[in-house]
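Asker: Contents of start-v6.cif (mmCIF, C-alpha atoms):
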```
data_structure
loop_
_atom_site.group_PDB
_atom_site.id
_atom_site.type_symbol
_atom_site.label_atom_id
_atom_site.label_comp_id
_atom_site.auth_asym_id
_atom_site.auth_seq_id
_atom_site.Cartn_x
_atom_site.Cartn_y
_atom_site.Cartn_z
ATOM 1 C CA MET A 279 -85.351 -71.578 -76.849
ATOM 2 C CA LYS A 280 -86.192 -74.097 -74.108
ATOM 3 C CA SER A 281 -84.649 -76.964 -76.117
ATOM 4 C CA GLN A 282 -81.492 -74.889 -76.560
ATOM 5 C CA ARG A 283 -81.195 -74.299 -72.814
ATOM 6 C CA VAL A 284 -81.680 -78.015 -72.120
ATOM 7 C CA ALA A 285 -78.943 -78.985 -74.581
ATOM 8 C CA VAL A 286 -76.513 -76.390 -73.218
ATOM 9 C CA VAL A 287 -77.140 -77.654 -69.671
ATOM 10 C CA ALA A 288 -76.506 -81.224 -70.865
ATOM 11 C CA HIS A 289 -73.327 -80.077 -72.589
ATOM 12 C CA ALA A 290 -72.155 -78.344 -69.413
ATOM 13 C CA ALA A 291 -72.942 -81.326 -67.198
ATOM 14 C CA ALA A 292 -71.083 -83.716 -69.507
ATOM 15 C CA LEU A 293 -67.936 -81.572 -69.593
ATOM 16 C CA LEU A 294 -67.853 -80.402 -65.994
ATOM 17 C CA THR A 295 -68.240 -83.928 -64.579
ATOM 18 C CA PHE A 296 -65.654 -85.511 -66.887
ATOM 19 C CA GLY A 297 -62.931 -85.824 -64.270
ATOM 20 C CA LEU A 298 -64.518 -88.033 -61.629
ATOM 21 C CA SER A 299 -62.469 -91.176 -60.986
ATOM 22 C CA THR A 300 -63.348 -94.571 -59.583
ATOM 23 C CA HIS A 301 -62.339 -97.478 -57.393
ATOM 24 C CA ALA A 302 -64.176 -100.156 -55.433
ATOM 25 C CA ALA A 303 -66.130 -98.742 -52.488
ATOM 26 C CA GLU A 304 -69.541 -98.677 -50.857
ATOM 27 C CA ARG A 305 -71.592 -95.701 -52.005
ATOM 28 C CA PRO A 306 -75.238 -94.619 -51.864
ATOM 29 C CA LEU A 307 -77.389 -96.105 -54.638
ATOM 30 C CA TRP A 308 -78.217 -92.572 -55.746
ATOM 31 C CA GLU A 309 -77.203 -88.989 -55.025
ATOM 32 C CA ALA A 310 -78.802 -85.818 -56.327
ATOM 33 C CA GLY A 311 -77.932 -82.160 -56.218
ATOM 34 C CA LEU A 312 -77.763 -78.945 -58.166
ATOM 35 C CA GLY A 313 -74.767 -77.099 -59.523
ATOM 36 C CA VAL A 314 -73.862 -73.948 -61.384
ATOM 37 C CA GLY A 315 -71.193 -73.688 -64.037
ATOM 38 C CA VAL A 316 -69.447 -71.099 -66.177
ATOM 39 C CA LEU A 317 -68.559 -72.139 -69.732
ATOM 40 C CA ALA A 318 -66.603 -70.429 -72.499
ATOM 41 C CA ILE A 319 -66.786 -72.457 -75.712
ATOM 42 C CA SER A 320 -66.235 -71.879 -79.423
ATOM 43 C CA SER A 321 -69.499 -71.363 -81.299
ATOM 44 C CA TYR A 322 -68.485 -74.489 -83.209
ATOM 45 C CA ARG A 323 -65.167 -76.205 -83.836
ATOM 46 C CA GLY A 324 -63.179 -73.928 -86.154
ATOM 47 C CA ALA A 325 -65.259 -70.819 -85.442
ATOM 48 C CA ASP A 326 -63.738 -67.389 -84.838
ATOM 49 C CA SER A 327 -66.355 -66.549 -82.185
ATOM 50 C CA THR A 328 -66.871 -67.711 -78.605
ATOM 51 C CA ASP A 329 -70.063 -68.114 -76.599
ATOM 52 C CA SER A 330 -70.193 -67.836 -72.815
ATOM 53 C CA TYR A 331 -72.803 -69.361 -70.512
ATOM 54 C CA VAL A 332 -73.582 -69.162 -66.816
ATOM 55 C CA LEU A 333 -76.159 -71.824 -66.083
ATOM 56 C CA PRO A 334 -77.308 -74.513 -63.676
ATOM 57 C CA PHE A 335 -76.653 -78.204 -64.198
ATOM 58 C CA PRO A 336 -77.928 -81.288 -62.391
ATOM 59 C CA TYR A 337 -75.651 -83.417 -60.217
ATOM 60 C CA LEU A 338 -77.082 -86.908 -60.597
ATOM 61 C CA VAL A 339 -75.375 -90.154 -59.643
ATOM 62 C CA TYR A 340 -77.139 -93.521 -59.897
ATOM 63 C CA ARG A 341 -75.235 -96.748 -59.291
ATOM 64 C CA GLY A 342 -77.590 -99.483 -60.423
ATOM 65 C CA ARG A 343 -76.527 -102.783 -61.945
ATOM 66 C CA LEU A 344 -77.960 -102.072 -65.407
ATOM 67 C CA LEU A 345 -78.249 -98.284 -65.389
ATOM 68 C CA ARG A 346 -75.667 -95.830 -64.112
ATOM 69 C CA SER A 347 -75.407 -92.074 -64.141
ATOM 70 C CA ASP A 348 -71.909 -90.887 -63.285
ATOM 71 C CA ARG A 349 -68.860 -89.090 -64.704
ATOM 72 C CA GLU A 350 -69.541 -90.543 -68.168
ATOM 73 C CA GLY A 351 -73.175 -89.479 -68.302
ATOM 74 C CA LEU A 352 -76.210 -91.752 -68.385
ATOM 75 C CA ARG A 353 -75.075 -95.281 -69.203
ATOM 76 C CA GLY A 354 -76.827 -98.570 -69.803
ATOM 77 C CA MET A 355 -74.489 -101.387 -68.738
ATOM 78 C CA PHE A 356 -75.225 -103.832 -71.564
ATOM 79 C CA VAL A 357 -72.052 -105.882 -71.104
ATOM 80 C CA GLU A 358 -69.650 -105.807 -68.155
ATOM 81 C CA ARG A 359 -66.783 -108.285 -68.171
ATOM 82 C CA PRO A 360 -63.328 -108.121 -66.595
ATOM 83 C CA GLY A 361 -61.502 -105.556 -68.654
ATOM 84 C CA VAL A 362 -64.361 -104.747 -71.042
ATOM 85 C CA GLU A 363 -67.657 -102.832 -70.880
ATOM 86 C CA LEU A 364 -70.329 -102.036 -73.444
ATOM 87 C CA ASN A 365 -72.269 -98.946 -72.396
ATOM 88 C CA LEU A 366 -74.813 -96.463 -73.651
ATOM 89 C CA SER A 367 -73.079 -93.171 -74.482
ATOM 90 C CA LEU A 368 -74.811 -89.776 -74.456
ATOM 91 C CA ASN A 369 -73.556 -86.316 -75.342
ATOM 92 C CA ALA A 370 -74.900 -82.918 -76.385
ATOM 93 C CA THR A 371 -73.655 -79.871 -78.302
ATOM 94 C CA ALA A 372 -74.610 -76.244 -77.754
ATOM 95 C CA PRO A 373 -76.600 -74.268 -80.362
ATOM 96 C CA VAL A 374 -74.810 -72.071 -82.908
ATOM 97 C CA ARG A 375 -76.459 -68.673 -82.618
ATOM 98 C CA ARG A 376 -77.607 -66.580 -85.571
ATOM 99 C CA ARG A 377 -75.403 -63.500 -85.968
ATOM 100 C CA ALA A 378 -75.837 -60.238 -87.862
ATOM 101 C CA THR A 379 -72.120 -60.037 -88.630
ATOM 102 C CA GLY A 380 -69.235 -62.474 -88.932
ATOM 103 C CA THR A 381 -68.651 -65.759 -90.704
ATOM 104 C CA ARG A 382 -72.243 -67.029 -90.405
ATOM 105 C CA ALA A 383 -73.965 -63.656 -90.933
ATOM 106 C CA GLY A 384 -77.412 -64.233 -92.399
ATOM 107 C CA MET A 385 -77.294 -67.998 -91.914
ATOM 108 C CA PRO A 386 -79.904 -69.682 -89.712
ATOM 109 C CA THR A 387 -79.305 -70.713 -86.110
ATOM 110 C CA LEU A 388 -78.059 -74.271 -85.777
ATOM 111 C CA GLN A 389 -80.151 -76.136 -83.252
ATOM 112 C CA PRO A 390 -78.428 -77.970 -80.385
ATOM 113 C CA ALA A 391 -77.663 -81.617 -81.045
ATOM 114 C CA VAL A 392 -78.124 -84.654 -78.834
ATOM 115 C CA GLU A 393 -75.914 -87.674 -79.490
ATOM 116 C CA ILE A 394 -76.670 -91.251 -78.416
ATOM 117 C CA GLY A 395 -75.087 -94.606 -79.143
ATOM 118 C CA PRO A 396 -72.992 -97.516 -77.837
ATOM 119 C CA SER A 397 -69.520 -97.193 -76.353
ATOM 120 C CA LEU A 398 -67.112 -100.118 -76.090
ATOM 121 C CA GLU A 399 -64.586 -99.566 -73.302
ATOM 122 C CA TRP A 400 -61.402 -101.534 -72.758
ATOM 123 C CA HIS A 401 -59.633 -101.202 -69.405
ATOM 124 C CA ILE A 402 -56.062 -101.315 -70.665
ATOM 125 C CA TRP A 403 -54.145 -100.901 -67.421
ATOM 126 C CA ARG A 404 -54.624 -100.409 -63.682
ATOM 127 C CA ALA A 405 -52.024 -99.514 -61.058
ATOM 128 C CA PRO A 406 -51.930 -101.894 -58.082
ATOM 129 C CA ASP A 407 -53.408 -99.221 -55.805
ATOM 130 C CA GLU A 408 -55.984 -98.184 -58.463
ATOM 131 C CA ARG A 409 -54.759 -94.578 -58.417
ATOM 132 C CA LEU A 410 -53.855 -94.715 -62.101
ATOM 133 C CA ARG A 411 -56.257 -96.073 -64.732
ATOM 134 C CA LEU A 412 -55.884 -96.149 -68.507
ATOM 135 C CA ASP A 413 -58.921 -96.898 -70.695
ATOM 136 C CA LEU A 414 -59.599 -97.060 -74.412
ATOM 137 C CA ARG A 415 -63.119 -95.851 -75.225
ATOM 138 C CA LEU A 416 -64.866 -96.304 -78.572
ATOM 139 C CA PRO A 417 -68.150 -94.325 -78.568
ATOM 140 C CA LEU A 418 -70.195 -94.336 -81.785
ATOM 141 C CA ARG A 419 -73.149 -91.953 -81.518
ATOM 142 C CA MET A 420 -76.065 -90.987 -83.727
ATOM 143 C CA ALA A 421 -76.715 -87.227 -83.605
ATOM 144 C CA PHE A 422 -80.126 -85.550 -83.642
ATOM 145 C CA ALA A 423 -80.785 -81.829 -83.927
ATOM 146 C CA VAL A 424 -83.288 -80.667 -81.323
ATOM 147 C CA GLY A 425 -86.112 -78.661 -82.869
ATOM 148 C CA GLY A 426 -87.054 -80.175 -86.205
ATOM 149 C CA ASP A 427 -83.969 -81.113 -88.251
ATOM 150 C CA GLY A 428 -84.004 -84.711 -87.033
ATOM 151 C CA MET A 429 -81.003 -86.976 -87.465
ATOM 152 C CA ILE A 430 -77.894 -85.114 -88.633
ATOM 153 C CA GLY A 431 -75.443 -87.989 -88.890
ATOM 154 C CA TRP A 432 -72.978 -90.208 -87.055
ATOM 155 C CA PHE A 433 -70.052 -89.252 -84.824
ATOM 156 C CA PHE A 434 -67.166 -91.536 -83.762
ATOM 157 C CA ALA A 435 -64.786 -90.384 -81.009
ATOM 158 C CA PRO A 436 -62.242 -93.065 -80.018
ATOM 159 C CA ASN A 437 -60.062 -91.883 -77.166
ATOM 160 C CA LEU A 438 -57.535 -92.837 -74.549
ATOM 161 C CA ASN A 439 -58.500 -91.758 -71.043
ATOM 162 C CA LEU A 440 -56.129 -91.625 -68.069
ATOM 163 C CA ASP A 441 -57.570 -91.125 -64.561
ATOM 164 C CA VAL A 442 -55.156 -90.060 -61.824
ATOM 165 C CA ALA A 443 -56.173 -89.986 -58.151
ATOM 166 C CA GLY A 444 -54.160 -87.621 -55.980
ATOM 167 C CA SER A 445 -52.360 -88.593 -52.801
ATOM 168 C CA GLY A 446 -50.684 -86.766 -49.947
ATOM 169 C CA THR A 447 -51.294 -83.030 -50.301
ATOM 170 C CA TRP A 448 -53.535 -83.729 -53.309
ATOM 171 C CA ASP A 449 -55.559 -86.485 -51.665
ATOM 172 C CA GLY A 450 -59.157 -86.348 -52.864
ATOM 173 C CA TRP A 451 -58.336 -84.523 -56.086
ATOM 174 C CA ASN A 452 -58.832 -86.375 -59.361
ATOM 175 C CA LEU A 453 -57.127 -85.547 -62.642
ATOM 176 C CA GLY A 454 -58.521 -86.703 -65.984
ATOM 177 C CA LEU A 455 -56.544 -86.690 -69.237
ATOM 178 C CA MET A 456 -58.227 -87.621 -72.509
ATOM 179 C CA THR A 457 -57.147 -87.463 -76.152
ATOM 180 C CA GLY A 458 -58.161 -88.968 -79.457
ATOM 181 C CA PRO A 459 -59.171 -88.412 -83.090
ATOM 182 C CA LEU A 460 -62.716 -87.590 -84.214
ATOM 183 C CA PHE A 461 -64.638 -88.848 -87.243
ATOM 184 C CA ALA A 462 -68.068 -88.085 -88.674
ATOM 185 C CA ASN A 463 -70.062 -88.827 -91.815
ATOM 186 C CA ARG A 464 -70.849 -86.320 -94.569
ATOM 187 C CA ARG A 465 -74.265 -85.424 -93.176
ATOM 188 C CA TYR A 466 -72.841 -84.479 -89.768
ATOM 189 C CA HIS A 467 -70.125 -82.282 -91.281
ATOM 190 C CA GLU A 468 -72.602 -80.710 -93.675
ATOM 191 C CA TYR A 469 -74.802 -79.614 -90.754
ATOM 192 C CA PHE A 470 -72.007 -77.533 -89.229
ATOM 193 C CA TYR A 471 -69.790 -76.615 -92.183
ATOM 194 C CA GLY A 472 -71.909 -76.738 -95.332
ATOM 195 C CA VAL A 473 -73.017 -73.528 -97.089
ATOM 196 C CA ARG A 474 -76.172 -73.886 -99.174
ATOM 197 C CA PRO A 475 -76.325 -71.823 -102.393
ATOM 198 C CA GLU A 476 -78.990 -69.484 -100.993
ATOM 199 C CA PHE A 477 -76.590 -68.433 -98.212
ATOM 200 C CA ALA A 478 -73.530 -68.034 -100.440
ATOM 201 C CA THR A 479 -71.880 -64.609 -100.762
ATOM 202 C CA SER A 480 -68.770 -63.276 -102.461
ATOM 203 C CA ALA A 481 -66.839 -63.916 -99.255
ATOM 204 C CA ARG A 482 -68.631 -67.179 -98.409
ATOM 205 C CA PRO A 483 -68.970 -69.472 -101.439
ATOM 206 C CA ALA A 484 -71.310 -72.451 -101.487
ATOM 207 C CA TYR A 485 -69.711 -75.531 -99.979
ATOM 208 C CA VAL A 486 -70.653 -79.205 -99.549
ATOM 209 C CA ALA A 487 -68.765 -80.830 -96.685
ATOM 210 C CA PRO A 488 -67.389 -84.374 -97.084
ATOM 211 C CA GLY A 489 -67.323 -87.007 -94.368
ATOM 212 C CA GLY A 490 -64.207 -88.417 -92.737
ATOM 213 C CA TYR A 491 -61.612 -87.153 -90.295
ATOM 214 C CA SER A 492 -62.847 -84.360 -87.994
ATOM 215 C CA GLY A 493 -59.611 -83.433 -86.269
ATOM 216 C CA SER A 494 -58.632 -84.391 -82.737
ATOM 217 C CA GLN A 495 -59.107 -83.243 -79.174
ATOM 218 C CA VAL A 496 -57.205 -83.054 -75.901
ATOM 219 C CA LEU A 497 -59.086 -82.570 -72.644
ATOM 220 C CA VAL A 498 -57.760 -82.045 -69.116
ATOM 221 C CA SER A 499 -60.036 -81.991 -66.088
ATOM 222 C CA LEU A 500 -59.627 -81.634 -62.338
ATOM 223 C CA SER A 501 -62.209 -82.331 -59.655
ATOM 224 C CA LYS A 502 -62.688 -83.000 -55.970
ATOM 225 C CA ARG A 503 -65.624 -84.424 -54.080
ATOM 226 C CA TYR A 504 -66.357 -83.148 -50.579
ATOM 227 C CA THR A 505 -69.010 -84.458 -48.195
ATOM 228 C CA ARG A 506 -71.743 -82.080 -49.309
ATOM 229 C CA TYR A 507 -70.442 -80.539 -52.505
ATOM 230 C CA TRP A 508 -68.306 -81.149 -55.605
ATOM 231 C CA LEU A 509 -65.836 -78.892 -57.458
ATOM 232 C CA GLY A 510 -64.660 -79.410 -61.009
ATOM 233 C CA GLY A 511 -63.239 -77.780 -64.084
ATOM 234 C CA TYR A 512 -61.909 -78.632 -67.517
ATOM 235 C CA LEU A 513 -59.815 -77.264 -70.382
ATOM 236 C CA ARG A 514 -60.266 -78.627 -73.914
ATOM 237 C CA HIS A 515 -58.185 -78.038 -77.048
ATOM 238 C CA ASP A 516 -59.539 -78.961 -80.492
ATOM 239 C CA LEU A 517 -57.156 -79.431 -83.419
ATOM 240 C CA LEU A 518 -58.607 -79.283 -86.929
ATOM 241 C CA MET A 519 -55.510 -79.610 -89.116
ATOM 242 C CA ASP A 520 -56.173 -82.006 -92.026
ATOM 243 C CA ALA A 521 -59.877 -82.290 -91.139
ATOM 244 C CA ALA A 522 -62.081 -83.231 -94.102
ATOM 245 C CA PHE A 523 -63.982 -79.912 -93.914
ATOM 246 C CA MET A 524 -60.987 -77.549 -93.662
ATOM 247 C CA ASP A 525 -61.877 -75.985 -97.033
ATOM 248 C CA SER A 526 -65.238 -74.795 -95.694
ATOM 249 C CA PRO A 527 -65.528 -70.973 -95.657
ATOM 250 C CA LEU A 528 -67.027 -71.358 -92.179
ATOM 251 C CA VAL A 529 -63.735 -72.671 -90.768
ATOM 252 C CA ARG A 530 -61.702 -69.662 -89.643
ATOM 253 C CA ARG A 531 -59.283 -71.294 -87.227
ATOM 254 C CA ASN A 532 -57.448 -74.607 -87.262
ATOM 255 C CA SER A 533 -57.674 -74.949 -83.489
ATOM 256 C CA SER A 534 -59.870 -73.754 -80.652
ATOM 257 C CA TRP A 535 -60.098 -73.759 -76.854
ATOM 258 C CA SER A 536 -62.965 -74.194 -74.435
ATOM 259 C CA ALA A 537 -63.049 -74.181 -70.651
ATOM 260 C CA GLY A 538 -65.448 -74.431 -67.759
ATOM 261 C CA VAL A 539 -65.659 -74.522 -63.973
ATOM 262 C CA GLY A 540 -68.501 -75.623 -61.759
ATOM 263 C CA ILE A 541 -69.655 -76.331 -58.231
ATOM 264 C CA ALA A 542 -72.483 -78.656 -57.218
ATOM 265 C CA TRP A 543 -74.251 -79.049 -53.894
ATOM 266 C CA ILE A 544 -75.397 -82.556 -52.968
ATOM 267 C CA ILE A 545 -78.940 -82.213 -51.627
ATOM 268 C CA GLY A 546 -80.050 -85.806 -51.091
ATOM 269 C CA ARG A 547 -78.802 -89.380 -51.176
ATOM 270 C CA SER A 548 -80.047 -92.935 -50.785
ATOM 271 C CA SER A 549 -79.720 -94.715 -47.456
ATOM 272 C CA ARG A 550 -79.077 -97.932 -49.363
ATOM 273 C CA LEU A 551 -75.387 -98.606 -50.068
ATOM 274 C CA VAL A 552 -74.022 -100.563 -53.024
ATOM 275 C CA GLU A 553 -70.500 -101.710 -53.812
ATOM 276 C CA VAL A 554 -69.295 -100.184 -57.043
ATOM 277 C CA ASP A 555 -66.176 -98.915 -58.769
ATOM 278 C CA ASP A 556 -66.577 -95.363 -57.581
ATOM 279 C CA ARG A 557 -63.944 -92.914 -56.364
ATOM 280 C CA GLU A 558 -65.157 -89.292 -56.316
#
```
Turn the structure described in the file into structure tokens.
Answerer:
Amino acid sequence: MKSQRVAVVAHAAALLTFGLSTHAAERPLWEAGLGVGVLAISSYRGADSTDSYVLPFPYLVYRGRLLRSDREGLRGMFVERPGVELNLSLNATAPVRRRATGTRAGMPTLQPAVEIGPSLEWHIWRAPDERLRLDLRLPLRMAFAVGGDGMIGWFFAPNLNLDVAGSGTWDGWNLGLMTGPLFANRRYHEYFYGVRPEFATSARPAYVAPGGYSGSQVLVSLSKRYTRYWLGGYLRHDLLMDAAFMDSPLVRRNSSWSAGVGIAWIIGRSSRLVEVDDRE
């Protein structure tokens, strides 16, 4: 249960901090705080059930030369060249709860997953005033189930990301727009969409999921940083049409929505300032 809470918190922090934008400025080396968020997410992509969470999440920003914790999670800056970065990418998924009724009735709980791997990022375009930024991101992550299942496969999520910094009436607000296809290997799809023979029923036949295309996603986020606190929210739409696992009896919808809002209070910060690409 503790591992599930940790993964859900990580999932919330990753989504709720998606929309922070950047430009060159002097900022504290580190900032720390605590937030609370409300999430409504599909039990899994393609599910006909939704899980809701009200939970705390950490607000952690570290702006070191080799290690950074910011809007993209915890990142190791392996390569940083004009226009190109190679980072460490982290993500987490929420657990899929055991249910007495419904599509997964009688099937075991799916443990939360933690994903880790490299992400190559290409800065495609920048507006002269840095208020518009377009990036191509190519994260390839290895997924591990927390709680005993070990590695569950590979996940590839190339995406285009547009950051828009507000001006005038909207000064201080930051809009994030992200979209892209998703891909995973057979083992990853099998973890979420496979039905072993012992769990097959007349309405839920046994199924072995193939690898390949996993659908696509569109995510919109909005955030604003104040002196002592941060506000943010997101809306995500998953499209599963033509996904490799669409024939799984566990897929009940060809699209799904998730959303979340959060507020974080900044409790402490470093007195040391560093110059970084950072607009919050």
Asker: For the structure provided, state which residues fall under the PyMOL selection byres ((chain A and resi 454) around 10), and present them as an MDAnalysis selection string.
Answerer: chainID A and resid 296:299 411 439:443 452:453 455:456 497:501 512
Asker: Please determine, counting all atoms listed in the file, which residue among A:Ser534, A:Asn463, A:Gln389, A:Ser492 has the shortest atom-to-atom distance to A:Gly431.
Answerer: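 Closest to A:Gly431 of all the choices is A:Asn463.
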Asker: Between A:Phe422, A:Trp535, A:Tyr466, A:Tyr322, which residue has the minimum interatomic distance to A:Ala370, considering all atoms listed in the file?
Answerer: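 So, comparing all the options, the nearest one is A:Phe422.
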Asker: Any idea what the distance is between atom CA of A:Arg409 and atom CA of A:Gly444?
Answerer: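 Going from atom CA of A:Arg409 over to atom CA of A:Gly444 covers 7.4 Å.
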Asker: Let me make sure I understand: among A:Ile544, A:Leu509, A:Leu368, A:Leu528, which one has the smallest atom-to-atom distance to A:Gly450 if we use only C-alpha atoms?
Answerer: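 For A:Gly450, the nearest of the given residues is A:Leu509.
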Asker: Output stretch 308-320 of chain A as a PDB file, in the frame of the given file, making sure N, CA and C atoms are there.
Answerer:
```pdb
ATOM      1  N   TRP A 308     -78.037 -93.787 -54.948  1.00  0.00           N
ATOM      2  CA  TRP A 308     -78.217 -92.572 -55.746  1.00  0.00           C
ATOM      3  C   TRP A 308     -77.860 -91.341 -54.923  1.00  0.00           C
ATOM      4  N   GLU A 309     -77.448 -90.299 -55.611  1.00  0.00           N
ATOM      5  CA  GLU A 309     -77.203 -88.989 -55.025  1.00  0.00           C
ATOM      6  C   GLU A 309     -77.723 -87.942 -55.999  1.00  0.00           C
ATOM      7  N   ALA A 310     -78.249 -86.870 -55.466  1.00  0.00           N
ATOM      8  CA  ALA A 310     -78.802 -85.818 -56.327  1.00  0.00           C
ATOM      9  C   ALA A 310     -78.456 -84.454 -55.750  1.00  0.00           C
ATOM     10  N   GLY A 311     -78.239 -83.519 -56.643  1.00  0.00           N
ATOM     11  CA  GLY A 311     -77.932 -82.160 -56.218  1.00  0.00           C
ATOM     12  C   GLY A 311     -78.085 -81.201 -57.379  1.00  0.00           C
ATOM     13  N   LEU A 312     -77.650 -79.993 -57.148  1.00  0.00           N
ATOM     14  CA  LEU A 312     -77.763 -78.945 -58.166  1.00  0.00           C
ATOM     15  C   LEU A 312     -76.470 -78.139 -58.184  1.00  0.00           C
ATOM     16  N   GLY A 313     -76.000 -77.851 -59.391  1.00  0.00           N
ATOM     17  CA  GLY A 313     -74.767 -77.099 -59.523  1.00  0.00           C
ATOM     18  C   GLY A 313     -74.938 -75.901 -60.429  1.00  0.00           C
ATOM     19  N   VAL A 314     -73.903 -75.078 -60.462  1.00  0.00           N
ATOM     20  CA  VAL A 314     -73.862 -73.948 -61.384  1.00  0.00           C
ATOM     21  C   VAL A 314     -72.482 -73.927 -62.020  1.00  0.00           C
ATOM     22  N   GLY A 315     -72.455 -73.677 -63.319  1.00  0.00           N
ATOM     23  CA  GLY A 315     -71.193 -73.688 -64.037  1.00  0.00           C
ATOM     24  C   GLY A 315     -71.029 -72.476 -64.923  1.00  0.00           C
ATOM     25  N   VAL A 316     -69.785 -72.166 -65.249  1.00  0.00           N
ATOM     26  CA  VAL A 316     -69.447 -71.099 -66.177  1.00  0.00           C
ATOM     27  C   VAL A 316     -68.676 -71.734 -67.327  1.00  0.00           C
ATOM     28  N   LEU A 317     -69.172 -71.549 -68.553  1.00  0.00           N
ATOM     29  CA  LEU A 317     -68.559 -72.139 -69.732  1.00  0.00           C
ATOM     30  C   LEU A 317     -68.154 -71.057 -70.724  1.00  0.00           C
ATOM     31  N   ALA A 318     -67.018 -71.253 -71.355  1.00  0.00           N
ATOM     32  CA  ALA A 318     -66.603 -70.429 -72.499  1.00  0.00           C
ATOM     33  C   ALA A 318     -66.215 -71.398 -73.599  1.00  0.00           C
ATOM     34  N   ILE A 319     -67.009 -71.471 -74.671  1.00  0.00           N
ATOM     35  CA  ILE A 319     -66.786 -72.457 -75.712  1.00  0.00           C
ATOM     36  C   ILE A 319     -66.866 -71.799 -77.090  1.00  0.00           C
ATOM     37  N   SER A 320     -66.133 -72.348 -78.047  1.00  0.00           N
ATOM     38  CA  SER A 320     -66.235 -71.879 -79.423  1.00  0.00           C
ATOM     39  C   SER A 320     -67.651 -72.118 -79.926  1.00  0.00           C
TER      40      SER A 320
END
```
